[in-house]
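What follows is one structure encoded as structure tokens, with my remarks underneath.
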Amino acid sequence: VTASTVQNVIEPSGLAEALAALRARTPLVQCLTNIVVAGSTANALLAVGASPAMVDNPEEAGDFSRVADGVLVNLGTPYAVTAEAMEAAALAATAAGTPWVLDPVGAGPLRWRTSLAHRLLEQRPPVVVRGNASEIMALDGGAGGKGVDASDSADQALDAATDLARRGGPTVVAVSGEVDHLTDGDRLVRVANGHPLLTRMTGSGCALGALMAGFAATCEDPLLAATAATATLNVAAQHAADAAHGPGSFAVALLDSLAAVTPEQLAEQVRLS
Amino acid sequence: VTASTVQNVIEPSGLAEALAALRARTPLVQCLTNIVVAGSTANALLAVGASPAMVDNPEEAGDFSRVADGVLVNLGTPYAVTAEAMEAAALAATAAGTPWVLDPVGAGPLRWRTSLAHRLLEQRPPVVVRGNASEIMALDGGAGGKGVDASDSADQALDAATDLARRGGPTVVAVSGEVDHLTDGDRLVRVANGHPLLTRMTGSGCALGALMAGFAATCEDPLLAATAATATLNVAAQHAADAAHGPGSFAVALLDSLAAVTPEQLAEQVRLS
Amino acid sequence: VTASTVQNVIEPSGLAEALAALRARTPLVQCLTNIVVAGSTANALLAVGASPAMVDNPEEAGDFSRVADGVLVNLGTPYAVTAEAMEAAALAATAAGTPWVLDPVGAGPLRWRTSLAHRLLEQRPPVVVRGNASEIMALDGGAGGKGVDASDSADQALDAATDLARRGGPTVVAVSGEVDHLTDGDRLVRVANGHPLLTRMTGSGCALGALMAGFAATCEDPLLAATAATATLNVAAQHAADAAHGPGSFAVALLDSLAAVTPEQLAEQVRLS
């Protein structure tokens with residue numbers, strides 16, 4: 001891996017502009033996601049300034065992907081019927097030029113959804129794949145972890161991410177962890193604003209995938225879009241942690257902070273490297 | 001449209017009595033709703049003083065509608081299997097004389113659920129249909145909007161609502177917006193207590209539909225029931241906004257306020273016209 | 001019923017040790033649960049110190065039950081497809097020696113899921129069955145209640161619970177109520193830390209079932225595990241109630257308290273009899 005560093009390519013001011021652009025346009029983000037986080041994901045999108053629409057049945061998903069500004073496919077609790085909708089949405093989004101994001105929750109140990117993830121990746125490449133280290137390694141052919149939480153460090157998964165991006169699949173691969181790593185196979189960005197409370201609430205990673213779909217809808221460069229989503233969530237999380245007494249109040253404050261964080265704060269407080 | 005004004009028909013004191021009656025009886029409200037808001041809808045019903053039961057599979061939905069006091073059918077994330085349950089519930093509720101409420105989320109641009117909504121409306125009229133302007137216009141045969149958020153003003157949808165109510169379908173049509181409009185085709189009520197934060201959290205409209213089913217279970221006049229639900233949610237929202245720092249803390253405070261709002265506050269603070 | 005009292009068998013210090021053991025091991029708890037509480041259940045598990053994984057499709061549920069440390073099967077919103085997954089998970093868990101917990105939400109008046117509950121109970125006995133009085137009586141062959149809320153007192157259901165446990169089905173039967181009753185057919189434990197606000201939020205009982213699966217994964221004695229889960233939730237609820245202004249802020253504070261409650265507080269504040 002010899003990806004160049006971010007200093008040349010992603011500037012804090014660019015993240016600020018991306019957040020302002022998202023709020024100016026209020027992108028319509030179609031989410032095909034899971035029963036655990038559907039509500040919290042919709043709330044995260046609304047808080048940041050996007051417009052969520054959870055259209056995930058096979059009768060409507062493909063048609064809706066043609067009018068949505070961005071699409072999220074999250075494999076948290078797939079069923080045969082929603083998997084069918086996900087394939088239709090990914091196909092229609094790609095055909096319409098709508099950016100779509102794949103969040104392969106649980107890829108690796110869970111074989112059925114891992115096959116689904118591979119099928120989605122190979123046939124209709126998403127603009128961003130976001131996962132933890134285990135999931136990204138599993139998508140690249142590695143063994144993957146035991147469960148849905150990260151059990152490999154983001155650093156170790158970087159080779160897999162770069163390989164995955166270079167093989168002509170997703171444009172950008174984002175590996176979430178204490179430090180987030182994002183690469184398009186050529187450029188590499190690290191965002192070091194992670195907060196431990198993000199791992200004590202369900203759905204923070206899932207919300208991040210949805211935010212990436214929103215930013216990708218209003219920002220031309222997918223690497224900048226994915227980085228802006230990561231930075232916005234993580235800077236908001238740092239604000240939220242100051243107001244929180246535990247994981248419950250943190251999740252509430254995170255929504256408040258996603259709505260309140262300004263482009264200027266984002267540029268000042270993001271820790272890129 | 002020459003609907004008479006509310007002054008003659010709905011009084012603030014009637015709303016207060018409706019809230020007191022709901023709390024005295026704790027109606028059992030069956031909800032066939034979506035994966036995004038199922039939890040927040042149940043919490044809204046519990047907070048206000050009703051008893052929710054989310055029975056939405058085709059094996060049980062119809063039987064349960066016969067024992068429930070009110071039924072909500074919400075089209076937020078319909079699937080073939082839950083759509084079948086919705087038809088069974090609407091049929092059984094109508095047969096048993098149980099009031100049921102239709103919330104046609106996304107009607108208009110999403111064709112499959114729009115057909116489902118029309119089928120439900122034509123065969124077994126609900127006591128209330130609640131939607132935003134786009135959805136109500138779509139049900140009346142209009143073109144509808146682009147997504148699941150309101151894109152037409154409630155005012156413009158009033159003709160569609162009146163027409164829909166007069167055609168012998170639903171008894172009452174409620175058009176949600178900055179100012180809520182409710183009509184039974186003859187009488188018209190406006191409730192001017194909307195708050196912008198209600199549009200920054202997911203599920204406030206869905207919760208309103210559920211509250212309408214609860215009020216309709218304990219109040220003879222459907223227009224009074226739907227107005228009482230609207231007023232209760234919106235007055236509670238105004239209380240919640242005073243305690244909120246953003247959309248996350250607003251959603252939490254809204255549940256607290258739904259539990260705390262008194263019939264007297266409702267009568268004093270509602271803005272009917 | 002001549003079950004011996006708890007004084008001989010469950011000590012507050014044992015509950016403290018069980019909580020410390022759970023946090024030391026972070027058990028992976030597979031949840032096959034309902035669309036209403038999937039998010040709040042995952043958050044309760046994360047808050048207390050366990051690791052949730054919501055794997056509930058028939059393609060993956062059985063395989064995952066072999067690697068999970070504990071399994072929850074909750075019948076809140078079953079569909080044909082998830083019911084199939086529940087049977088596979090219960091079978092695989094039993095075969096692998098993984099403790100699993102059955103929460104028969106709505107058993108009694110809802111016939112289809114009552115049959116499912118009986119089938120699960122008879123073929124592959126869970127380590128714990130948790131329900132309200134109506135549900136436990138229905139599982140024991142009684143008539144059951146009208147809805148999903150408790151309508152019989154926990155005390156009245158004790159005979160049914162003891163009978164159910166003695167018939168060689170579940171090892172432990174837990175009857176939730178103002179005072180919780182737990183029995184393995186021989187020993188009886190009462191936990192008198194219930195709080196009324198637990199009945200004003202959705203999912204507190206469902207979270208309790210999930211916590212029982214987590215404790216059963218890290219504690220050899222199922223009666224101690226189920227009692228520790230009950231005590232932890234209820235002591236945390238008492239802390240949360242002190243910080244709450246209503247059901248919304250209570251649910252948030254409950255997650256904070258589940259994360260903050262110490263083994264020492266648990267031993268000091270639990271009211272066993």
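Note on naming: chains are A, B, ... as they come in the structure tokens, residues start from 1 per chain, ligands start from 1 in the order shown.
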Chain A contacts to chain C at 6 Å (only C-alpha atoms) as a short mmCIF file (atom, residue, chain, number, x, y, z; two decimals) with N, CA and C atoms, in the first residue's frame:
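Output contents, as saved in result_21.cif:
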```
data_model
loop_
_atom_site.label_atom_id
_atom_site.label_comp_id
_atom_site.auth_asym_id
_atom_site.auth_seq_id
_atom_site.Cartn_x
_atom_site.Cartn_y
_atom_site.Cartn_z
N ILE A 35 -34.03 -3.36 11.17
CA ILE A 35 -35.10 -3.06 12.12
C ILE A 35 -34.57 -2.47 13.42
N VAL A 36 -33.27 -2.60 13.68
CA VAL A 36 -32.70 -2.11 14.93
C VAL A 36 -32.52 -0.59 14.89
N VAL A 37 -32.06 -0.08 13.77
CA VAL A 37 -31.64 1.31 13.70
C VAL A 37 -32.44 2.15 12.72
N TYR A 79 -33.65 -9.87 5.16
CA TYR A 79 -34.55 -11.00 4.95
C TYR A 79 -34.61 -11.23 3.44
N ARG A 200 -21.00 2.37 22.54
CA ARG A 200 -21.91 1.94 23.60
C ARG A 200 -23.37 2.23 23.25
N MET A 201 -23.62 2.73 22.05
CA MET A 201 -25.00 2.89 21.57
C MET A 201 -25.10 2.09 20.27
N THR A 202 -26.29 1.57 19.99
CA THR A 202 -26.45 0.86 18.73
C THR A 202 -26.70 1.87 17.61
N GLY A 246 -24.03 9.12 30.11
CA GLY A 246 -23.97 7.69 29.82
C GLY A 246 -24.46 7.48 28.40
N PRO A 247 -24.62 6.22 27.99
CA PRO A 247 -24.95 5.94 26.58
C PRO A 247 -26.34 6.43 26.16
N GLY A 248 -27.29 6.48 27.10
CA GLY A 248 -28.63 6.94 26.75
C GLY A 248 -28.65 8.42 26.44
N SER A 249 -28.12 9.22 27.34
CA SER A 249 -28.12 10.66 27.11
C SER A 249 -27.14 11.05 26.00
#
```
Spatial neighbours of Pro27 of chain A, max dist 8 Å, only C-alpha atoms, sep filter under 2 positions, as JSON, numbers by chain: {"A": [22, 25, 29, 50, 51, 68, 69, 70, 214, 217, 218]}
Selection export as a compact mmCIF listing (two decimals), in the first residue's frame, atoms kept: N, CA, C and O atoms:
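Generated output (part_11.txt):
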```txt
# COMPACT_ATOMS: atom_id res chain seq x y z
N LEU A 22 -24.67 20.14 1.85
CA LEU A 22 -25.72 19.19 2.21
C LEU A 22 -26.92 19.94 2.79
O LEU A 22 -28.07 19.69 2.41
N ARG A 25 -29.07 21.77 0.28
CA ARG A 25 -29.85 21.01 -0.71
C ARG A 25 -30.83 20.01 -0.09
O ARG A 25 -31.76 19.56 -0.77
N VAL A 29 -32.59 10.87 0.95
CA VAL A 29 -31.76 9.66 1.11
C VAL A 29 -32.65 8.45 1.36
O VAL A 29 -33.31 8.35 2.39
N ALA A 50 -30.64 16.32 6.16
CA ALA A 50 -31.07 15.56 4.99
C ALA A 50 -32.51 15.09 5.19
O ALA A 50 -33.10 15.29 6.25
N SER A 51 -33.07 14.46 4.17
CA SER A 51 -34.46 14.01 4.21
C SER A 51 -34.49 12.50 3.99
O SER A 51 -34.20 12.03 2.89
N ALA A 68 -34.46 9.17 -5.75
CA ALA A 68 -33.70 9.55 -4.56
C ALA A 68 -32.40 10.24 -4.98
O ALA A 68 -31.91 10.05 -6.09
N ASP A 69 -31.85 11.05 -4.05
CA ASP A 69 -30.56 11.69 -4.33
C ASP A 69 -29.40 10.80 -3.91
O ASP A 69 -28.28 10.94 -4.41
N GLY A 70 -29.64 9.92 -2.96
CA GLY A 70 -28.62 8.98 -2.50
C GLY A 70 -29.32 7.77 -1.90
O GLY A 70 -30.48 7.87 -1.50
N GLY A 214 -25.96 10.65 2.16
CA GLY A 214 -26.41 12.03 2.06
C GLY A 214 -25.34 12.96 1.53
O GLY A 214 -25.60 13.79 0.64
N ALA A 217 -24.58 12.53 -2.11
CA ALA A 217 -25.61 13.09 -2.99
C ALA A 217 -25.34 14.55 -3.33
O ALA A 217 -25.86 15.07 -4.32
N THR A 218 -24.56 15.21 -2.48
CA THR A 218 -24.40 16.66 -2.64
C THR A 218 -22.94 17.06 -2.77
O THR A 218 -22.61 18.24 -2.64
```
DSSP-assigned strand (DSSP E or B) members of segment 34-198 of chain C, reported as a PyMOL selection string: chain C and resi 51-53+70-74+100-103+128-132+172-176+180-183+187-191
Non-local contacts of segment 175-181 of chain B (7 Å; only C-alpha atoms; under 3 positions in same chain excluded) as number ranges by chain: B: 130-133, 136, 154, 189-194
With N, CA and C atoms kept, could you save the residues just selected as a short mmCIF file (atom, residue, chain, number, x, y, z; two decimals), in the first residue's frame?
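New file again_39.cif:
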```cif
data_model
loop_
_atom_site.label_atom_id
_atom_site.label_comp_id
_atom_site.auth_asym_id
_atom_site.auth_seq_id
_atom_site.Cartn_x
_atom_site.Cartn_y
_atom_site.Cartn_z
N ARG B 130 -55.25 10.37 7.90
CA ARG B 130 -54.35 11.45 8.26
C ARG B 130 -53.12 11.42 7.36
N GLY B 131 -52.77 12.54 6.77
CA GLY B 131 -51.57 12.58 5.95
C GLY B 131 -51.11 14.00 5.75
N ASN B 132 -49.99 14.16 5.04
CA ASN B 132 -49.60 15.53 4.67
C ASN B 132 -50.34 15.89 3.38
N ALA B 133 -50.14 17.10 2.93
CA ALA B 133 -50.90 17.59 1.78
C ALA B 133 -50.71 16.71 0.55
N ILE B 136 -52.65 13.38 0.87
CA ILE B 136 -54.12 13.53 0.76
C ILE B 136 -54.51 13.82 -0.68
N ALA B 154 -50.79 22.65 3.29
CA ALA B 154 -52.00 22.02 3.80
C ALA B 154 -53.23 22.73 3.23
N VAL B 189 -61.99 22.24 10.84
CA VAL B 189 -61.25 22.69 12.02
C VAL B 189 -59.82 22.98 11.61
N ARG B 190 -59.29 24.11 12.09
CA ARG B 190 -57.86 24.39 11.93
C ARG B 190 -57.22 24.42 13.31
N VAL B 191 -56.07 23.75 13.44
CA VAL B 191 -55.30 23.75 14.69
C VAL B 191 -53.94 24.38 14.38
N ALA B 192 -53.68 25.52 15.01
CA ALA B 192 -52.48 26.30 14.65
C ALA B 192 -51.42 26.22 15.74
N ASN B 193 -51.13 24.98 16.20
CA ASN B 193 -50.12 24.81 17.24
C ASN B 193 -48.90 24.03 16.74
N GLY B 194 -48.70 23.94 15.44
CA GLY B 194 -47.55 23.20 14.92
C GLY B 194 -46.23 23.81 15.38
#
```
Filtered DSSP result for segment 55-156 of chain C, state alpha helix (DSSP H), as a ChimeraX atom specification: /C:61-67,80-96,111-123,133-139
Residue contacts of Glu11 of chain C (12 Å, only C-alpha atoms) excluding same-chain residues fewer than 3 positions away, as number ranges by chain: C: 5-8, 14-18, 189-191, 223-224, 227-228, 231, 266-268, 270-273
Long-range neighbours of Val172 of chain B as a list of chain:residue names, 9 Å cut-off, only C-alpha atoms, 5 positions minimum in chain: B:Pro126, B:Val127, B:Val128, B:Val129, B:Arg130, B:Ala161, B:Thr162, B:Leu164, B:Ala165, B:Leu182, B:Thr183, B:Asp184, B:Gly185, B:Pro222, B:Leu223, B:Ala226
With N, CA, C and O atoms retained, could you export that selection as an mmCIF file, in the first residue's frame?
```cif
data_model
loop_
_atom_site.group_PDB
_atom_site.id
_atom_site.type_symbol
_atom_site.label_atom_id
_atom_site.label_comp_id
_atom_site.auth_asym_id
_atom_site.auth_seq_id
_atom_site.Cartn_x
_atom_site.Cartn_y
_atom_site.Cartn_z
ATOM 1 N N PRO B 126 -62.054 3.944 6.639
ATOM 2 C CA PRO B 126 -61.574 4.251 7.987
ATOM 3 C C PRO B 126 -62.346 5.425 8.564
ATOM 4 O O PRO B 126 -63.001 6.170 7.842
ATOM 5 N N VAL B 127 -62.244 5.571 9.870
ATOM 6 C CA VAL B 127 -62.905 6.694 10.508
ATOM 7 C C VAL B 127 -62.109 7.978 10.290
ATOM 8 O O VAL B 127 -62.684 9.059 10.177
ATOM 9 N N VAL B 128 -60.797 7.855 10.178
ATOM 10 C CA VAL B 128 -59.944 9.020 9.892
ATOM 11 C C VAL B 128 -58.854 8.621 8.903
ATOM 12 O O VAL B 128 -58.286 7.535 9.008
ATOM 13 N N VAL B 129 -58.598 9.502 7.943
ATOM 14 C CA VAL B 129 -57.363 9.428 7.158
ATOM 15 C C VAL B 129 -56.516 10.627 7.542
ATOM 16 O O VAL B 129 -57.014 11.762 7.542
ATOM 17 N N ARG B 130 -55.254 10.368 7.901
ATOM 18 C CA ARG B 130 -54.347 11.447 8.259
ATOM 19 C C ARG B 130 -53.123 11.423 7.358
ATOM 20 O O ARG B 130 -52.504 10.354 7.196
ATOM 21 N N ALA B 161 -59.158 17.132 0.528
ATOM 22 C CA ALA B 161 -59.628 16.518 1.777
ATOM 23 C C ALA B 161 -61.143 16.548 1.860
ATOM 24 O O ALA B 161 -61.795 15.545 2.200
ATOM 25 N N THR B 162 -61.713 17.692 1.542
ATOM 26 C CA THR B 162 -63.164 17.832 1.615
ATOM 27 C C THR B 162 -63.838 16.900 0.617
ATOM 28 O O THR B 162 -64.816 16.216 0.939
ATOM 29 N N LEU B 164 -62.622 14.137 -0.588
ATOM 30 C CA LEU B 164 -62.424 12.756 -0.136
ATOM 31 C C LEU B 164 -63.442 12.400 0.952
ATOM 32 O O LEU B 164 -64.045 11.314 0.938
ATOM 33 N N ALA B 165 -63.646 13.300 1.879
ATOM 34 C CA ALA B 165 -64.579 13.040 2.979
ATOM 35 C C ALA B 165 -66.019 12.985 2.474
ATOM 36 O O ALA B 165 -66.838 12.205 2.962
ATOM 37 N N LEU B 182 -58.588 19.832 9.499
ATOM 38 C CA LEU B 182 -59.369 18.593 9.647
ATOM 39 C C LEU B 182 -60.798 18.857 9.209
ATOM 40 O O LEU B 182 -61.388 19.882 9.580
ATOM 41 N N THR B 183 -61.338 17.937 8.430
ATOM 42 C CA THR B 183 -62.702 18.134 7.947
ATOM 43 C C THR B 183 -63.437 16.807 7.846
ATOM 44 O O THR B 183 -62.816 15.774 7.596
ATOM 45 N N ASP B 184 -64.739 16.877 8.068
ATOM 46 C CA ASP B 184 -65.578 15.704 7.806
ATOM 47 C C ASP B 184 -66.407 15.937 6.537
ATOM 48 O O ASP B 184 -67.376 15.238 6.284
ATOM 49 N N GLY B 185 -65.989 16.915 5.753
ATOM 50 C CA GLY B 185 -66.683 17.215 4.505
ATOM 51 C C GLY B 185 -67.711 18.306 4.703
ATOM 52 O O GLY B 185 -68.120 18.983 3.764
ATOM 53 N N PRO B 222 -65.862 11.521 15.486
ATOM 54 C CA PRO B 222 -64.522 11.347 14.901
ATOM 55 C C PRO B 222 -63.784 12.662 14.657
ATOM 56 O O PRO B 222 -62.564 12.698 14.756
ATOM 57 N N LEU B 223 -64.507 13.725 14.335
ATOM 58 C CA LEU B 223 -63.829 14.995 14.102
ATOM 59 C C LEU B 223 -63.262 15.536 15.411
ATOM 60 O O LEU B 223 -62.143 16.056 15.465
ATOM 61 N N ALA B 226 -60.135 13.319 16.257
ATOM 62 C CA ALA B 226 -58.948 13.649 15.466
ATOM 63 C C ALA B 226 -58.383 15.012 15.875
ATOM 64 O O ALA B 226 -57.165 15.212 15.906
#
```
Distance of atom CA of Arg119 of chain B from atom CA of Leu91 of chain B, expressed in Å to one decimal place: 11.1 Å
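If you look at atom CA of Ala21 of chain B and atom CA of Thr199 of chain C, they are 20.1 Å away from each other.
Between atom CA of Arg167 of chain C and atom CA of Leu233 of chain C the separation is 28.5 Å.
Using only C-alpha atoms for every distance, the candidate list B:Thr77, B:Ala213, B:Arg113, B:Ala241 yields B:Thr77 as the residue closest to Leu32 of chain A.
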Selection near Ala117 of chain B, 8 Å with only C-alpha atoms, sequence-local residues under 2 positions removed, as JSON, numbers by chain: {"B": [75, 104, 107, 113, 114, 115, 119, 120, 121, 139]}
Nearby residues (only C-alpha atoms) at most 9 Å from Arg124 of chain A, same-chain spacing under 5 positions excluded, as a list of chain:residue names: A:Glu87, A:Ala90, A:Leu91, A:Ala93, A:Thr94, A:Ala95, A:Arg119, A:Gly169, A:Pro170
Generate a file of the selected residues that holds all heavy atoms, formatted as a short mmCIF file (atom, residue, chain, number, x, y, z; two decimals), in the first residue's frame.
```cif
data_model
loop_
_atom_site.label_atom_id
_atom_site.label_comp_id
_atom_site.auth_asym_id
_atom_site.auth_seq_id
_atom_site.Cartn_x
_atom_site.Cartn_y
_atom_site.Cartn_z
N GLU A 87 -31.16 -5.48 -3.94
CA GLU A 87 -30.59 -5.70 -5.27
C GLU A 87 -31.25 -4.79 -6.31
O GLU A 87 -30.58 -4.22 -7.16
CB GLU A 87 -30.74 -7.18 -5.66
CG GLU A 87 -29.93 -8.09 -4.73
CD GLU A 87 -29.41 -9.34 -5.43
OE1 GLU A 87 -28.70 -9.23 -6.44
OE2 GLU A 87 -29.74 -10.44 -4.95
N ALA A 90 -29.96 -1.15 -5.70
CA ALA A 90 -28.58 -0.95 -6.13
C ALA A 90 -28.50 -0.88 -7.66
O ALA A 90 -27.79 -0.05 -8.23
CB ALA A 90 -27.68 -2.07 -5.60
N LEU A 91 -29.24 -1.75 -8.30
CA LEU A 91 -29.26 -1.78 -9.77
C LEU A 91 -29.84 -0.48 -10.34
O LEU A 91 -29.26 0.15 -11.22
CB LEU A 91 -30.10 -2.97 -10.23
CG LEU A 91 -30.07 -3.36 -11.70
CD1 LEU A 91 -28.67 -3.78 -12.12
CD2 LEU A 91 -31.05 -4.50 -11.96
N ALA A 93 -30.21 2.43 -8.80
CA ALA A 93 -29.39 3.59 -8.44
C ALA A 93 -28.21 3.72 -9.40
O ALA A 93 -27.91 4.80 -9.92
CB ALA A 93 -28.90 3.46 -7.00
N THR A 94 -27.54 2.58 -9.65
CA THR A 94 -26.39 2.61 -10.55
C THR A 94 -26.81 3.05 -11.94
O THR A 94 -26.16 3.89 -12.57
CB THR A 94 -25.73 1.22 -10.59
OG1 THR A 94 -25.40 0.83 -9.25
CG2 THR A 94 -24.46 1.23 -11.42
N ALA A 95 -27.92 2.52 -12.41
CA ALA A 95 -28.41 2.88 -13.75
C ALA A 95 -28.75 4.36 -13.85
O ALA A 95 -28.55 4.99 -14.88
CB ALA A 95 -29.63 2.02 -14.10
N ARG A 119 -22.40 -10.13 -4.03
CA ARG A 119 -23.22 -9.99 -5.24
C ARG A 119 -23.47 -8.51 -5.54
O ARG A 119 -23.36 -8.06 -6.68
CB ARG A 119 -24.54 -10.74 -5.02
CG ARG A 119 -25.11 -11.33 -6.27
CD ARG A 119 -26.03 -12.51 -5.97
NE ARG A 119 -27.12 -12.20 -5.08
CZ ARG A 119 -27.31 -12.78 -3.89
NH1 ARG A 119 -26.48 -13.71 -3.44
NH2 ARG A 119 -28.33 -12.45 -3.15
N GLY A 169 -14.15 -2.15 -7.60
CA GLY A 169 -15.47 -2.28 -6.99
C GLY A 169 -15.93 -0.92 -6.51
O GLY A 169 -16.19 -0.03 -7.32
N PRO A 170 -16.02 -0.76 -5.20
CA PRO A 170 -16.45 0.54 -4.69
C PRO A 170 -15.39 1.60 -4.96
O PRO A 170 -14.20 1.31 -5.02
CB PRO A 170 -16.56 0.28 -3.18
CG PRO A 170 -15.62 -0.85 -2.92
CD PRO A 170 -15.69 -1.71 -4.14
#
```
